[in-house]
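Peer 1: Structure incoming, see below.
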Amino acid sequence: MKRVFGCIAASIAIMLAASPAVTADTINWDMPTPYPDKTFHTVNIAQFAEDVEEATGGRLKITIHSAGSLFKHPEIKNAVRGGQVPIGEFFLSLISNENAVFGADSQPFLATNYEEAMKLWKAQKPIVTALLEQQNLMPLFSVPWPPQGLYTKKPIAYAGDLSGIKFRAYNATLEKFADAVGAAPTQVEVPDIPQAFATGRVEAMITSPSTGANSKAWDFVDYFTDIQAWVPKNIVVVNRKAFAALPDEVQEAVLAAAAAAEERGWQMSREETAAKIAILEDNGMVIATPSDQLMAELKEIGAGMLEEWKEDAGEHGATLLNTFAN
Ligand code: PCA
């Protein structure tokens, strides 16, 4: 009997050693994210969580709740702010209604490639950090989507071809853009895209090759027009109180894993662009180079929107654009 107990005790000891997640001082963090598991952002976050767990010897375990399963996308920021969850991811420009600076990366044709997007993030980051601090939030890392392109059923030669089309939007800026070309925008979250097209709620969209390929866009549209209109970002934020409550060495491990995640994420994003356009093409979609006329018309709309944005964004916006331009 004694030997049996000894044996059980020994195996429990081994189990504890092998799975640090069950020790008493493990901190468990739930992390809501908006996009499905195979999205490169989610893959990058899974790696971040793994890095944190490993670097802390299992003291901090982050469980990811993807695709809006724990909190719906529009609720994630406030859930972290209110401390319902300590950490979360969201689409940064989704909160541009709070301050226009959050929406800088979704301004049409302001920053359209990775170099410009990085410059814009550098200009945006100190302001975003200060604004989020007022909400008890701290950015950990931010990663861009590939440049945004146009998905339609028919070829689009000029902006007028979009007139009257039911258009999927993902933030207020895209809604304005769609309005400006005479389309009819409707907000649809990524996990709901296939259904929205299947039921005819929407007929066209602007998004990345990633989201198009992951949504199997070829099932409902035939043309991808590579307008490379902007390079919007996701951001991962942490509740400042939850972060401050971590032991120093765990805080350091989180910050180091976050820096690595930002660098890796930008690289993953760059690699996604060509890879996912190839998948669209392999599945029968026409990859179209936009006509000069279409680009000129869309850029003109973008220029008008930037003027409005400058007014909304005030001094912060002026500082941002000034840093971005230099
Ligand atoms: N995918 C997300 C945001 C931008 C992107 O490329 C979406 O379509 O909602």
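By order in the structure tokens, chains are A, B, ...; within a chain, residues start at 1; ligands start at 1, following the order shown.
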Given a cut-off of 6 Å, what residues near ligand 1 show up using only C-alpha atoms and all ligand atoms, put as a list in words?
Peer 2: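 So, counting only C-alpha atoms and all ligand atoms, the residues near ligand 1 are Trp145, Tyr170, Glu189, Val190, Thr207, Ser208 and Thr211 of chain A.
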Peer 1: Pull C-alpha atoms from the residues just selected and write them as a PDB file, in the first residue's frame.
Peer 2:
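This went into part15.pdb:
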```
ATOM      1  CA  TRP A 145      -2.669  43.445 -42.746  1.00  0.00           C
ATOM      2  CA  TYR A 170     -15.214  46.930 -41.417  1.00  0.00           C
ATOM      3  CA  GLU A 189     -17.132  40.971 -39.187  1.00  0.00           C
ATOM      4  CA  VAL A 190     -14.639  38.613 -40.837  1.00  0.00           C
ATOM      5  CA  THR A 207      -9.888  43.807 -47.673  1.00  0.00           C
ATOM      6  CA  SER A 208      -6.513  42.082 -47.797  1.00  0.00           C
ATOM      7  CA  THR A 211      -8.929  37.833 -45.517  1.00  0.00           C
TER       8      THR A 211
END
```
Peer 1: Using backbone DSSP assignments, extract all helix (DSSP H, G or I) residues from range 103-182 of chain A; output them as a PDB file with all heavy atoms, in the first residue's frame.
Peer 2:
```pdb
ATOM      1  N   GLY A 103      -7.423  56.060 -36.466  1.00  0.00           N
ATOM      2  CA  GLY A 103      -7.806  55.639 -37.805  1.00  0.00           C
ATOM      3  C   GLY A 103      -6.832  56.027 -38.902  1.00  0.00           C
ATOM      4  O   GLY A 103      -7.105  55.807 -40.086  1.00  0.00           O
ATOM      5  N   ALA A 104      -5.669  56.571 -38.516  1.00  0.00           N
ATOM      6  CA  ALA A 104      -4.720  57.065 -39.531  1.00  0.00           C
ATOM      7  C   ALA A 104      -4.344  55.987 -40.548  1.00  0.00           C
ATOM      8  O   ALA A 104      -4.218  56.269 -41.745  1.00  0.00           O
ATOM      9  CB  ALA A 104      -3.462  57.605 -38.850  1.00  0.00           C
ATOM     10  N   ASP A 105      -4.200  54.744 -40.068  1.00  0.00           N
ATOM     11  CA  ASP A 105      -3.728  53.698 -40.994  1.00  0.00           C
ATOM     12  C   ASP A 105      -4.815  53.219 -41.957  1.00  0.00           C
ATOM     13  O   ASP A 105      -4.541  52.418 -42.846  1.00  0.00           O
ATOM     14  CB  ASP A 105      -3.090  52.528 -40.228  1.00  0.00           C
ATOM     15  CG  ASP A 105      -4.077  51.797 -39.316  1.00  0.00           C
ATOM     16  OD1 ASP A 105      -5.294  51.970 -39.475  1.00  0.00           O
ATOM     17  OD2 ASP A 105      -3.602  51.036 -38.447  1.00  0.00           O
ATOM     18  N   SER A 106      -6.041  53.687 -41.786  1.00  0.00           N
ATOM     19  CA  SER A 106      -7.116  53.289 -42.697  1.00  0.00           C
ATOM     20  C   SER A 106      -7.528  54.425 -43.622  1.00  0.00           C
ATOM     21  O   SER A 106      -8.548  54.340 -44.310  1.00  0.00           O
ATOM     22  CB  SER A 106      -8.329  52.801 -41.901  1.00  0.00           C
ATOM     23  OG  SER A 106      -8.013  51.575 -41.282  1.00  0.00           O
ATOM     24  N   TYR A 114       4.529  48.684 -47.068  1.00  0.00           N
ATOM     25  CA  TYR A 114       5.036  48.385 -45.719  1.00  0.00           C
ATOM     26  C   TYR A 114       6.001  49.445 -45.185  1.00  0.00           C
ATOM     27  O   TYR A 114       6.013  49.713 -43.990  1.00  0.00           O
ATOM     28  CB  TYR A 114       5.667  46.991 -45.682  1.00  0.00           C
ATOM     29  CG  TYR A 114       4.609  45.910 -45.711  1.00  0.00           C
ATOM     30  CD1 TYR A 114       4.273  45.262 -46.895  1.00  0.00           C
ATOM     31  CD2 TYR A 114       3.904  45.570 -44.564  1.00  0.00           C
ATOM     32  CE1 TYR A 114       3.276  44.292 -46.925  1.00  0.00           C
ATOM     33  CE2 TYR A 114       2.905  44.619 -44.581  1.00  0.00           C
ATOM     34  CZ  TYR A 114       2.603  43.973 -45.765  1.00  0.00           C
ATOM     35  OH  TYR A 114       1.606  43.031 -45.785  1.00  0.00           O
ATOM     36  N   GLU A 115       6.802  50.028 -46.063  1.00  0.00           N
ATOM     37  CA  GLU A 115       7.741  51.065 -45.605  1.00  0.00           C
ATOM     38  C   GLU A 115       6.953  52.257 -45.054  1.00  0.00           C
ATOM     39  O   GLU A 115       7.233  52.754 -43.970  1.00  0.00           O
ATOM     40  CB  GLU A 115       8.655  51.539 -46.755  1.00  0.00           C
ATOM     41  CG  GLU A 115       9.747  50.542 -47.138  1.00  0.00           C
ATOM     42  CD  GLU A 115       9.198  49.233 -47.702  1.00  0.00           C
ATOM     43  OE1 GLU A 115       8.205  49.272 -48.480  1.00  0.00           O
ATOM     44  OE2 GLU A 115       9.730  48.158 -47.339  1.00  0.00           O
ATOM     45  N   GLU A 116       5.966  52.689 -45.836  1.00  0.00           N
ATOM     46  CA  GLU A 116       5.150  53.820 -45.374  1.00  0.00           C
ATOM     47  C   GLU A 116       4.350  53.449 -44.133  1.00  0.00           C
ATOM     48  O   GLU A 116       4.188  54.260 -43.217  1.00  0.00           O
ATOM     49  CB  GLU A 116       4.196  54.266 -46.496  1.00  0.00           C
ATOM     50  CG  GLU A 116       4.917  54.946 -47.651  1.00  0.00           C
ATOM     51  CD  GLU A 116       4.022  55.150 -48.877  1.00  0.00           C
ATOM     52  OE1 GLU A 116       2.827  54.758 -48.852  1.00  0.00           O
ATOM     53  OE2 GLU A 116       4.537  55.688 -49.874  1.00  0.00           O
ATOM     54  N   ALA A 117       3.865  52.209 -44.120  1.00  0.00           N
ATOM     55  CA  ALA A 117       3.062  51.768 -42.963  1.00  0.00           C
ATOM     56  C   ALA A 117       3.913  51.781 -41.693  1.00  0.00           C
ATOM     57  O   ALA A 117       3.434  52.173 -40.623  1.00  0.00           O
ATOM     58  CB  ALA A 117       2.502  50.371 -43.210  1.00  0.00           C
ATOM     59  N   MET A 118       5.163  51.390 -41.808  1.00  0.00           N
ATOM     60  CA  MET A 118       6.054  51.383 -40.645  1.00  0.00           C
ATOM     61  C   MET A 118       6.330  52.819 -40.180  1.00  0.00           C
ATOM     62  O   MET A 118       6.318  53.111 -38.984  1.00  0.00           O
ATOM     63  CB  MET A 118       7.367  50.664 -41.016  1.00  0.00           C
ATOM     64  CG  MET A 118       8.402  50.624 -39.923  1.00  0.00           C
ATOM     65  SD  MET A 118       7.803  49.884 -38.378  1.00  0.00           S
ATOM     66  CE  MET A 118       8.178  48.147 -38.667  1.00  0.00           C
ATOM     67  N   LYS A 119       6.553  53.696 -41.152  1.00  0.00           N
ATOM     68  CA  LYS A 119       6.763  55.112 -40.815  1.00  0.00           C
ATOM     69  C   LYS A 119       5.530  55.683 -40.114  1.00  0.00           C
ATOM     70  O   LYS A 119       5.629  56.423 -39.135  1.00  0.00           O
ATOM     71  CB  LYS A 119       6.981  55.929 -42.109  1.00  0.00           C
ATOM     72  CG  LYS A 119       8.431  56.230 -42.392  1.00  0.00           C
ATOM     73  CD  LYS A 119       8.557  57.189 -43.553  1.00  0.00           C
ATOM     74  CE  LYS A 119       9.135  58.501 -43.067  1.00  0.00           C
ATOM     75  NZ  LYS A 119       9.300  59.484 -44.145  1.00  0.00           N
ATOM     76  N   LEU A 120       4.381  55.313 -40.642  1.00  0.00           N
ATOM     77  CA  LEU A 120       3.131  55.809 -40.054  1.00  0.00           C
ATOM     78  C   LEU A 120       2.966  55.279 -38.630  1.00  0.00           C
ATOM     79  O   LEU A 120       2.586  56.021 -37.719  1.00  0.00           O
ATOM     80  CB  LEU A 120       1.936  55.382 -40.922  1.00  0.00           C
ATOM     81  CG  LEU A 120       0.590  55.956 -40.484  1.00  0.00           C
ATOM     82  CD1 LEU A 120       0.526  57.458 -40.732  1.00  0.00           C
ATOM     83  CD2 LEU A 120      -0.571  55.270 -41.208  1.00  0.00           C
ATOM     84  N   TRP A 121       3.286  54.002 -38.417  1.00  0.00           N
ATOM     85  CA  TRP A 121       3.152  53.415 -37.079  1.00  0.00           C
ATOM     86  C   TRP A 121       4.102  54.125 -36.106  1.00  0.00           C
ATOM     87  O   TRP A 121       3.731  54.432 -34.978  1.00  0.00           O
ATOM     88  CB  TRP A 121       3.390  51.912 -37.132  1.00  0.00           C
ATOM     89  CG  TRP A 121       3.402  51.201 -35.801  1.00  0.00           C
ATOM     90  CD1 TRP A 121       4.305  50.249 -35.416  1.00  0.00           C
ATOM     91  CD2 TRP A 121       2.479  51.326 -34.705  1.00  0.00           C
ATOM     92  NE1 TRP A 121       4.004  49.790 -34.156  1.00  0.00           N
ATOM     93  CE2 TRP A 121       2.885  50.440 -33.694  1.00  0.00           C
ATOM     94  CE3 TRP A 121       1.350  52.120 -34.472  1.00  0.00           C
ATOM     95  CZ2 TRP A 121       2.222  50.319 -32.471  1.00  0.00           C
ATOM     96  CZ3 TRP A 121       0.680  52.004 -33.255  1.00  0.00           C
ATOM     97  CH2 TRP A 121       1.116  51.114 -32.277  1.00  0.00           C
ATOM     98  N   LYS A 122       5.305  54.415 -36.569  1.00  0.00           N
ATOM     99  CA  LYS A 122       6.259  55.122 -35.690  1.00  0.00           C
ATOM    100  C   LYS A 122       5.720  56.493 -35.294  1.00  0.00           C
ATOM    101  O   LYS A 122       5.907  56.946 -34.163  1.00  0.00           O
ATOM    102  CB  LYS A 122       7.627  55.247 -36.360  1.00  0.00           C
ATOM    103  CG  LYS A 122       8.363  53.919 -36.356  1.00  0.00           C
ATOM    104  CD  LYS A 122       9.829  54.046 -36.699  1.00  0.00           C
ATOM    105  CE  LYS A 122      10.541  52.707 -36.504  1.00  0.00           C
ATOM    106  NZ  LYS A 122      11.546  52.478 -37.543  1.00  0.00           N
ATOM    107  N   ALA A 123       5.050  57.158 -36.250  1.00  0.00           N
ATOM    108  CA  ALA A 123       4.482  58.479 -35.962  1.00  0.00           C
ATOM    109  C   ALA A 123       3.239  58.368 -35.076  1.00  0.00           C
ATOM    110  O   ALA A 123       2.953  59.229 -34.252  1.00  0.00           O
ATOM    111  CB  ALA A 123       4.128  59.187 -37.276  1.00  0.00           C
ATOM    112  N   GLN A 124       2.513  57.291 -35.259  1.00  0.00           N
ATOM    113  CA  GLN A 124       1.231  57.096 -34.579  1.00  0.00           C
ATOM    114  C   GLN A 124       1.418  56.565 -33.154  1.00  0.00           C
ATOM    115  O   GLN A 124       0.655  56.909 -32.252  1.00  0.00           O
ATOM    116  CB  GLN A 124       0.458  56.050 -35.403  1.00  0.00           C
ATOM    117  CG  GLN A 124      -1.031  56.042 -35.304  1.00  0.00           C
ATOM    118  CD  GLN A 124      -1.616  54.881 -36.127  1.00  0.00           C
ATOM    119  OE1 GLN A 124      -0.909  53.985 -36.604  1.00  0.00           O
ATOM    120  NE2 GLN A 124      -2.923  54.906 -36.285  1.00  0.00           N
ATOM    121  N   LYS A 125       2.444  55.733 -32.979  1.00  0.00           N
ATOM    122  CA  LYS A 125       2.586  54.964 -31.732  1.00  0.00           C
ATOM    123  C   LYS A 125       2.629  55.816 -30.448  1.00  0.00           C
ATOM    124  O   LYS A 125       1.905  55.500 -29.491  1.00  0.00           O
ATOM    125  CB  LYS A 125       3.816  54.064 -31.819  1.00  0.00           C
ATOM    126  CG  LYS A 125       3.906  53.071 -30.683  1.00  0.00           C
ATOM    127  CD  LYS A 125       5.089  52.129 -30.868  1.00  0.00           C
ATOM    128  CE  LYS A 125       5.208  51.224 -29.655  1.00  0.00           C
ATOM    129  NZ  LYS A 125       6.338  50.300 -29.794  1.00  0.00           N
ATOM    130  N   PRO A 126       3.445  56.883 -30.390  1.00  0.00           N
ATOM    131  CA  PRO A 126       3.467  57.645 -29.132  1.00  0.00           C
ATOM    132  C   PRO A 126       2.105  58.257 -28.800  1.00  0.00           C
ATOM    133  O   PRO A 126       1.723  58.304 -27.627  1.00  0.00           O
ATOM    134  CB  PRO A 126       4.503  58.754 -29.386  1.00  0.00           C
ATOM    135  CG  PRO A 126       5.019  58.577 -30.754  1.00  0.00           C
ATOM    136  CD  PRO A 126       4.390  57.394 -31.392  1.00  0.00           C
ATOM    137  N   ILE A 127       1.372  58.691 -29.826  1.00  0.00           N
ATOM    138  CA  ILE A 127       0.066  59.314 -29.576  1.00  0.00           C
ATOM    139  C   ILE A 127      -0.948  58.245 -29.160  1.00  0.00           C
ATOM    140  O   ILE A 127      -1.710  58.424 -28.203  1.00  0.00           O
ATOM    141  CB  ILE A 127      -0.421  60.093 -30.821  1.00  0.00           C
ATOM    142  CG1 ILE A 127       0.670  61.055 -31.308  1.00  0.00           C
ATOM    143  CG2 ILE A 127      -1.702  60.857 -30.517  1.00  0.00           C
ATOM    144  CD1 ILE A 127       0.382  61.703 -32.648  1.00  0.00           C
ATOM    145  N   VAL A 128      -0.929  57.131 -29.894  1.00  0.00           N
ATOM    146  CA  VAL A 128      -1.830  56.016 -29.555  1.00  0.00           C
ATOM    147  C   VAL A 128      -1.557  55.539 -28.122  1.00  0.00           C
ATOM    148  O   VAL A 128      -2.482  55.294 -27.340  1.00  0.00           O
ATOM    149  CB  VAL A 128      -1.639  54.856 -30.575  1.00  0.00           C
ATOM    150  CG1 VAL A 128      -2.229  53.550 -30.073  1.00  0.00           C
ATOM    151  CG2 VAL A 128      -2.268  55.233 -31.916  1.00  0.00           C
ATOM    152  N   THR A 129      -0.283  55.451 -27.770  1.00  0.00           N
ATOM    153  CA  THR A 129       0.095  54.988 -26.427  1.00  0.00           C
ATOM    154  C   THR A 129      -0.454  55.934 -25.362  1.00  0.00           C
ATOM    155  O   THR A 129      -1.037  55.494 -24.367  1.00  0.00           O
ATOM    156  CB  THR A 129       1.632  54.883 -26.316  1.00  0.00           C
ATOM    157  OG1 THR A 129       2.089  54.000 -27.351  1.00  0.00           O
ATOM    158  CG2 THR A 129       2.061  54.330 -24.960  1.00  0.00           C
ATOM    159  N   ALA A 130      -0.288  57.241 -25.589  1.00  0.00           N
ATOM    160  CA  ALA A 130      -0.763  58.232 -24.613  1.00  0.00           C
ATOM    161  C   ALA A 130      -2.292  58.204 -24.508  1.00  0.00           C
ATOM    162  O   ALA A 130      -2.851  58.279 -23.408  1.00  0.00           O
ATOM    163  CB  ALA A 130      -0.288  59.622 -25.014  1.00  0.00           C
ATOM    164  N   LEU A 131      -2.970  58.075 -25.664  1.00  0.00           N
ATOM    165  CA  LEU A 131      -4.442  58.050 -25.635  1.00  0.00           C
ATOM    166  C   LEU A 131      -4.958  56.795 -24.933  1.00  0.00           C
ATOM    167  O   LEU A 131      -5.916  56.853 -24.161  1.00  0.00           O
ATOM    168  CB  LEU A 131      -5.000  58.109 -27.064  1.00  0.00           C
ATOM    169  CG  LEU A 131      -4.835  59.438 -27.800  1.00  0.00           C
ATOM    170  CD1 LEU A 131      -5.234  59.280 -29.269  1.00  0.00           C
ATOM    171  CD2 LEU A 131      -5.661  60.542 -27.146  1.00  0.00           C
ATOM    172  N   LEU A 132      -4.306  55.660 -25.191  1.00  0.00           N
ATOM    173  CA  LEU A 132      -4.763  54.416 -24.565  1.00  0.00           C
ATOM    174  C   LEU A 132      -4.460  54.400 -23.077  1.00  0.00           C
ATOM    175  O   LEU A 132      -5.200  53.811 -22.285  1.00  0.00           O
ATOM    176  CB  LEU A 132      -4.152  53.193 -25.265  1.00  0.00           C
ATOM    177  CG  LEU A 132      -4.676  52.910 -26.671  1.00  0.00           C
ATOM    178  CD1 LEU A 132      -3.966  51.705 -27.279  1.00  0.00           C
ATOM    179  CD2 LEU A 132      -6.185  52.653 -26.665  1.00  0.00           C
ATOM    180  N   GLU A 133      -3.399  55.089 -22.696  1.00  0.00           N
ATOM    181  CA  GLU A 133      -3.050  55.149 -21.275  1.00  0.00           C
ATOM    182  C   GLU A 133      -4.196  55.783 -20.466  1.00  0.00           C
ATOM    183  O   GLU A 133      -4.473  55.368 -19.340  1.00  0.00           O
ATOM    184  CB  GLU A 133      -1.746  55.931 -21.089  1.00  0.00           C
ATOM    185  CG  GLU A 133      -1.241  55.829 -19.656  1.00  0.00           C
ATOM    186  CD  GLU A 133       0.157  56.402 -19.477  1.00  0.00           C
ATOM    187  OE1 GLU A 133       0.805  56.720 -20.500  1.00  0.00           O
ATOM    188  OE2 GLU A 133       0.582  56.522 -18.326  1.00  0.00           O
ATOM    189  N   ALA A 159     -14.586  54.322 -60.958  1.00  0.00           N
ATOM    190  CA  ALA A 159     -15.277  54.318 -59.662  1.00  0.00           C
ATOM    191  C   ALA A 159     -16.794  54.141 -59.825  1.00  0.00           C
ATOM    192  O   ALA A 159     -17.433  53.478 -58.998  1.00  0.00           O
ATOM    193  CB  ALA A 159     -14.951  55.597 -58.897  1.00  0.00           C
ATOM    194  N   GLY A 160     -17.328  54.679 -60.908  1.00  0.00           N
ATOM    195  CA  GLY A 160     -18.769  54.594 -61.149  1.00  0.00           C
ATOM    196  C   GLY A 160     -19.278  53.154 -61.225  1.00  0.00           C
ATOM    197  O   GLY A 160     -20.466  52.891 -60.976  1.00  0.00           O
ATOM    198  N   ASP A 161     -18.385  52.203 -61.542  1.00  0.00           N
ATOM    199  CA  ASP A 161     -18.791  50.796 -61.604  1.00  0.00           C
ATOM    200  C   ASP A 161     -19.192  50.260 -60.229  1.00  0.00           C
ATOM    201  O   ASP A 161     -19.779  49.177 -60.133  1.00  0.00           O
ATOM    202  CB  ASP A 161     -17.650  49.930 -62.157  1.00  0.00           C
ATOM    203  CG  ASP A 161     -17.469  50.107 -63.660  1.00  0.00           C
ATOM    204  OD1 ASP A 161     -18.438  50.517 -64.329  1.00  0.00           O
ATOM    205  OD2 ASP A 161     -16.359  49.837 -64.151  1.00  0.00           O
ATOM    206  N   LEU A 162     -18.843  50.988 -59.170  1.00  0.00           N
ATOM    207  CA  LEU A 162     -19.167  50.525 -57.813  1.00  0.00           C
ATOM    208  C   LEU A 162     -20.494  51.092 -57.321  1.00  0.00           C
ATOM    209  O   LEU A 162     -20.994  50.710 -56.265  1.00  0.00           O
ATOM    210  CB  LEU A 162     -18.051  50.928 -56.841  1.00  0.00           C
ATOM    211  CG  LEU A 162     -16.723  50.192 -57.061  1.00  0.00           C
ATOM    212  CD1 LEU A 162     -15.597  50.910 -56.325  1.00  0.00           C
ATOM    213  CD2 LEU A 162     -16.841  48.753 -56.593  1.00  0.00           C
ATOM    214  N   ALA A 172     -15.561  52.764 -39.834  1.00  0.00           N
ATOM    215  CA  ALA A 172     -16.275  53.961 -40.288  1.00  0.00           C
ATOM    216  C   ALA A 172     -15.601  54.585 -41.509  1.00  0.00           C
ATOM    217  O   ALA A 172     -16.271  55.158 -42.385  1.00  0.00           O
ATOM    218  CB  ALA A 172     -16.343  54.970 -39.154  1.00  0.00           C
ATOM    219  N   THR A 173     -14.274  54.478 -41.587  1.00  0.00           N
ATOM    220  CA  THR A 173     -13.542  55.074 -42.708  1.00  0.00           C
ATOM    221  C   THR A 173     -13.887  54.380 -44.024  1.00  0.00           C
ATOM    222  O   THR A 173     -14.113  55.028 -45.047  1.00  0.00           O
ATOM    223  CB  THR A 173     -12.018  54.985 -42.453  1.00  0.00           C
ATOM    224  OG1 THR A 173     -11.772  55.356 -41.104  1.00  0.00           O
ATOM    225  CG2 THR A 173     -11.249  55.878 -43.388  1.00  0.00           C
ATOM    226  N   LEU A 174     -13.936  53.060 -43.970  1.00  0.00           N
ATOM    227  CA  LEU A 174     -14.286  52.299 -45.176  1.00  0.00           C
ATOM    228  C   LEU A 174     -15.743  52.572 -45.564  1.00  0.00           C
ATOM    229  O   LEU A 174     -16.079  52.623 -46.757  1.00  0.00           O
ATOM    230  CB  LEU A 174     -14.025  50.799 -44.940  1.00  0.00           C
ATOM    231  CG  LEU A 174     -14.326  49.831 -46.084  1.00  0.00           C
ATOM    232  CD1 LEU A 174     -13.755  50.299 -47.411  1.00  0.00           C
ATOM    233  CD2 LEU A 174     -13.778  48.444 -45.745  1.00  0.00           C
ATOM    234  N   GLU A 175     -16.564  52.780 -44.557  1.00  0.00           N
ATOM    235  CA  GLU A 175     -17.954  53.115 -44.831  1.00  0.00           C
ATOM    236  C   GLU A 175     -18.042  54.431 -45.614  1.00  0.00           C
ATOM    237  O   GLU A 175     -18.775  54.545 -46.593  1.00  0.00           O
ATOM    238  CB  GLU A 175     -18.698  53.243 -43.502  1.00  0.00           C
ATOM    239  CG  GLU A 175     -20.006  52.491 -43.500  1.00  0.00           C
ATOM    240  CD  GLU A 175     -20.675  52.531 -42.133  1.00  0.00           C
ATOM    241  OE1 GLU A 175     -20.292  51.703 -41.289  1.00  0.00           O
ATOM    242  OE2 GLU A 175     -21.547  53.385 -41.926  1.00  0.00           O
ATOM    243  N   LYS A 176     -17.249  55.419 -45.170  1.00  0.00           N
ATOM    244  CA  LYS A 176     -17.223  56.714 -45.862  1.00  0.00           C
ATOM    245  C   LYS A 176     -16.735  56.566 -47.295  1.00  0.00           C
ATOM    246  O   LYS A 176     -17.269  57.166 -48.222  1.00  0.00           O
ATOM    247  CB  LYS A 176     -16.230  57.649 -45.140  1.00  0.00           C
ATOM    248  CG  LYS A 176     -16.892  58.617 -44.216  1.00  0.00           C
ATOM    249  CD  LYS A 176     -15.894  59.674 -43.758  1.00  0.00           C
ATOM    250  CE  LYS A 176     -16.382  60.256 -42.450  1.00  0.00           C
ATOM    251  NZ  LYS A 176     -15.362  60.979 -41.720  1.00  0.00           N
ATOM    252  N   PHE A 177     -15.693  55.777 -47.457  1.00  0.00           N
ATOM    253  CA  PHE A 177     -15.098  55.552 -48.774  1.00  0.00           C
ATOM    254  C   PHE A 177     -16.139  54.911 -49.707  1.00  0.00           C
ATOM    255  O   PHE A 177     -16.303  55.330 -50.855  1.00  0.00           O
ATOM    256  CB  PHE A 177     -13.870  54.655 -48.594  1.00  0.00           C
ATOM    257  CG  PHE A 177     -12.951  54.577 -49.775  1.00  0.00           C
ATOM    258  CD1 PHE A 177     -12.283  55.701 -50.239  1.00  0.00           C
ATOM    259  CD2 PHE A 177     -12.710  53.354 -50.408  1.00  0.00           C
ATOM    260  CE1 PHE A 177     -11.397  55.626 -51.316  1.00  0.00           C
ATOM    261  CE2 PHE A 177     -11.826  53.263 -51.480  1.00  0.00           C
ATOM    262  CZ  PHE A 177     -11.176  54.397 -51.933  1.00  0.00           C
ATOM    263  N   ALA A 178     -16.821  53.903 -49.177  1.00  0.00           N
ATOM    264  CA  ALA A 178     -17.848  53.218 -49.974  1.00  0.00           C
ATOM    265  C   ALA A 178     -18.984  54.190 -50.330  1.00  0.00           C
ATOM    266  O   ALA A 178     -19.457  54.214 -51.473  1.00  0.00           O
ATOM    267  CB  ALA A 178     -18.393  52.014 -49.206  1.00  0.00           C
ATOM    268  N   ASP A 179     -19.373  54.990 -49.356  1.00  0.00           N
ATOM    269  CA  ASP A 179     -20.406  56.007 -49.608  1.00  0.00           C
ATOM    270  C   ASP A 179     -19.977  56.943 -50.731  1.00  0.00           C
ATOM    271  O   ASP A 179     -20.767  57.298 -51.610  1.00  0.00           O
ATOM    272  CB  ASP A 179     -20.628  56.857 -48.345  1.00  0.00           C
ATOM    273  CG  ASP A 179     -21.685  56.244 -47.432  1.00  0.00           C
ATOM    274  OD1 ASP A 179     -22.557  55.521 -47.949  1.00  0.00           O
ATOM    275  OD2 ASP A 179     -21.615  56.487 -46.206  1.00  0.00           O
ATOM    276  N   ALA A 180     -18.706  57.340 -50.684  1.00  0.00           N
ATOM    277  CA  ALA A 180     -18.198  58.316 -51.651  1.00  0.00           C
ATOM    278  C   ALA A 180     -18.227  57.784 -53.092  1.00  0.00           C
ATOM    279  O   ALA A 180     -18.345  58.566 -54.027  1.00  0.00           O
ATOM    280  CB  ALA A 180     -16.778  58.745 -51.267  1.00  0.00           C
TER     281      ALA A 180
END
```
Peer 1: Would you tabulate, counting only C-alpha atoms, all residues of range 92-182 of chain A that have an atom at most 10 Å from an atom of range 234-244 of chain A, showing the closest pair of atoms and their distance in Å to one decimal, sorted by chain then ascending number, as a Markdown table?
Peer 2:
```
| residue | atom | partner | partner_atom | distance |
| --- | --- | --- | --- | --- |
| A:Leu92 | CA | A:Asn234 | CA | 5.4 |
| A:Ser93 | CA | A:Asn234 | CA | 8.3 |
| A:Leu94 | CA | A:Asn234 | CA | 9.4 |
| A:Thr129 | CA | A:Val237 | CA | 9.8 |
| A:Leu132 | CA | A:Val237 | CA | 8.8 |
| A:Glu133 | CA | A:Arg240 | CA | 8.0 |
| A:Gln135 | CA | A:Asn239 | CA | 8.8 |
| A:Asn136 | CA | A:Arg240 | CA | 5.4 |
| A:Leu137 | CA | A:Asn239 | CA | 4.8 |
| A:Met138 | CA | A:Val238 | CA | 5.3 |
| A:Pro139 | CA | A:Val237 | CA | 4.3 |
| A:Leu140 | CA | A:Val237 | CA | 5.4 |
| A:Phe141 | CA | A:Val236 | CA | 5.4 |
| A:Ser142 | CA | A:Ile235 | CA | 4.2 |
| A:Val143 | CA | A:Asn234 | CA | 5.5 |
| A:Pro144 | CA | A:Asn234 | CA | 6.2 |
| A:Trp145 | CA | A:Asn234 | CA | 7.6 |
```
Peer 1: Can you measure CA of Ile206 in chain A to CA of Ile279 in chain A for me? One decimal in Å is fine.
Peer 2: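 Between CA of Ile206 in chain A and CA of Ile279 in chain A the gap works out to 17.1 Å.
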Peer 1: Which one of A:Tyr35, A:Trp266, A:Trp218, A:Phe71 sits closest to Lys153 in chain A if you count only C-alpha atoms?
Peer 2: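 Nearest to Lys153 in chain A: A:Trp218.
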Peer 1: What's the 12 Å shell around range 65-70 of chain A, counting only C-alpha atoms, without same-chain residues fewer than 3 positions away, as a ChimeraX atom specification?
Peer 2: /A:29-43,45-46,49,62,73-77,79-80,84-85,87-90,189-192
Peer 1: Step one, run DSSP on the backbone; step two, keep only residues of range 51-188 of chain A assigned to strand (DSSP E or B); then write them as a ChimeraX atom specification.
Peer 2: /A:60-65,87-91,137-144,149-152,166-169,184-187
Peer 1: Applying 8 Å and only C-alpha atoms, which residues near Ala257 in chain A remain after dropping the ones on its own chain fewer than 3 positions away? List them as a list in words.
Peer 2: Phe48, Asp51, Val52, Ala253, Val254, Ala260 and Ala261 of chain A
